[in-house]
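Trainee: Provided herewith is a single structure, encoded as structure tokens, for subsequent inquiry.
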Amino acid sequence: MSDLTHFMFGLCIYALMQNIQATSPSQFIEDINGYRRACKSIGWEPKQDCVAYNVIAFHANLKSHLNNVPVNSTIKFENVQLNKGNGYDPITGIFTAPEDGVYSFAWSFLSQAGGTVYIAGVVDNVDHAHTCIETQQSKFINTSGHLLYELRKGNKVWIKTWHTPATFIHAGFYTYFSGSKINSI
């Protein structure tokens, strides 16, 4: 960026800061748009604008209790609470990344006395995180898992059983799967 461009950008920011007063929201937006036009006319445009980005996030919980779930079964969280970006499919239990980015996934499940449940966080058929409850002693116990992963558009993420059949997984808000995009790449 040339010295003149730096100077003009600084001048635009200075003018903006001088005009920040108790104005109406519509007047503020009009002022901002005027400064944007001025900056654009000198060839300076910011790389990112201050607009809300598309949110990609989902949260779904289990509708019905599951008993004796075979190994390598995808858990289908049918009760969708949130699905911004439409990446989660409750019919298959699979999240498909709608765009490249770093994503955060969390899951939690509840089992009952004597229960054994092994759960894996899976990305494109490869396990990346494991959680388990084995022969639990209390009436009910909850465990959770978390996975941070860089995904490309079209990558798929799901939760499955592994190691041994899951004896009992409690439904409702106790057992859920959620995820969100936390950064673009």
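Residues in the structure tokens are numbered from 1 in each chain, the chains being A, B, ... in the order shown, and ligands are numbered from 1 in the order shown.
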Give the strand (DSSP E) residues of range 15-180 of chain A, as assigned by DSSP on the backbone, as an NGL selection string.

Mentor: :A and (57-62 or 66-69 or 79-84 or 88-89 or 94-96 or 101-112 or 117-123 or 126-133 or 140-151 or 156-161 or 166-169 or 172-180)

Trainee: Could you list, as a PDB file with N, CA and C atoms, in the first residue's frame, every residue within 8 Å of Gly85 in chain A, counting only C-alpha atoms and ignoring same-chain residues fewer than 4 positions away?

Mentor:
ATOM      1  N   ASN A  54     -21.906 -16.286   7.515  1.00  0.00           N
ATOM      2  CA  ASN A  54     -22.835 -17.405   7.540  1.00  0.00           C
ATOM      3  C   ASN A  54     -22.475 -18.323   8.698  1.00  0.00           C
ATOM      4  N   VAL A  55     -23.412 -18.571   9.532  1.00  0.00           N
ATOM      5  CA  VAL A  55     -23.201 -19.444  10.678  1.00  0.00           C
ATOM      6  C   VAL A  55     -23.427 -20.881  10.239  1.00  0.00           C
ATOM      7  N   ILE A  56     -22.511 -21.752  10.621  1.00  0.00           N
ATOM      8  CA  ILE A  56     -22.674 -23.182  10.405  1.00  0.00           C
ATOM      9  C   ILE A  56     -22.612 -23.817  11.785  1.00  0.00           C
ATOM     10  N   ALA A  57     -23.742 -24.336  12.237  1.00  0.00           N
ATOM     11  CA  ALA A  57     -23.820 -24.937  13.567  1.00  0.00           C
ATOM     12  C   ALA A  57     -25.032 -25.857  13.627  1.00  0.00           C
ATOM     13  N   PRO A  98     -20.436 -27.933   4.851  1.00  0.00           N
ATOM     14  CA  PRO A  98     -20.874 -27.166   3.692  1.00  0.00           C
ATOM     15  C   PRO A  98     -19.771 -26.285   3.099  1.00  0.00           C
TER      16      PRO A  98
END

Trainee: Of the candidates A:Ala60, A:Leu151, A:Leu110, A:Ile91, which shows the shortest atom-to-atom distance to Ile169 in chain A, using only C-alpha atoms?

Mentor: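 Between A:Ala60, A:Leu151, A:Leu110, A:Ile91, the residue approaching Ile169 in chain A most closely is A:Leu110.
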
Trainee: Quick one: residues within 12 Å of Lys139 in chain A, only C-alpha atoms, excluding same-chain residues fewer than 4 positions away - as a list in words?

Mentor: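 Listed by chain and then number, they are Leu110, Ser111, Gln112, Ala113, Gly114, Gly115, Thr135 and His170 of chain A.
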
Trainee: Could you tell me how far CA of Thr167 in chain A sits from CA of Asn79 in chain A, in Å to one decimal place?

Mentor: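 Atom-to-atom, CA of Asn79 in chain A to CA of Thr167 in chain A, that is 21.3 Å.
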
Trainee: So, with only C-alpha atoms as the atoms that count, which of A:Ile32, A:Ser144, A:Gln27, A:Gly93 lies closest to Leu62 in chain A?

Mentor: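 Between A:Ile32, A:Ser144, A:Gln27, A:Gly93, the residue approaching Leu62 in chain A most closely is A:Gly93.
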
Trainee: Take CA of Ile141 in chain A and CA of Thr74 in chain A and report the distance between them in Å, one decimal.

Mentor: 21.2 Å

Trainee: Choose the residue, out of A:Asn86, A:Ser108, A:Asn183, A:Ser64, that has the smallest atom-to-atom separation from Ile133 in chain A; count only C-alpha atoms.

Mentor: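 Residue with the minimum atom-to-atom distance to Ile133 in chain A: A:Ser108.
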
Trainee: Under the rule that only C-alpha atoms are counted, which of A:Gly43, A:Phe58, A:Leu147, A:Leu66 is the nearest residue to Lys84 in chain A?

Mentor: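 Using only C-alpha atoms, the shortest distance to Lys84 in chain A belongs to A:Phe58.
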
Trainee: If we count only C-alpha atoms, what is near range 129-131 of chain A at a cut-off of 12 Å, once residues fewer than 5 positions away on the same chain are taken out, given as a list of chain:residue names?

Mentor: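 So, after excluding close chain neighbours, the residues are A:Phe105, A:Ala106, A:Trp107, A:Ser108, A:Phe109, A:Leu110, A:Thr116, A:Val117, A:Tyr118, A:Ile119, A:Ala120, A:Gly121, A:Val122, A:Val123, A:Asn142, A:Thr143, A:Ser144, A:Gly145, A:His146, A:Leu147, A:Leu148, A:Tyr149, A:Val157, A:Trp158, A:Ile159, A:Lys160, A:Thr161, A:Trp162, A:His163.
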
Trainee: Could you please write out, as an MDAnalysis selection string, every residue of range 34-121 of chain A that DSSP assigns to helix (DSSP H, G or I)?

Mentor: chainID A and resid 34:41

Trainee: Could you please determine the separation between CA of Asn67 in chain A and CA of Ala166 in chain A in Å, to one decimal place?

Mentor: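 Result for CA of Asn67 in chain A versus CA of Ala166 in chain A: 7.0 Å, one decimal.
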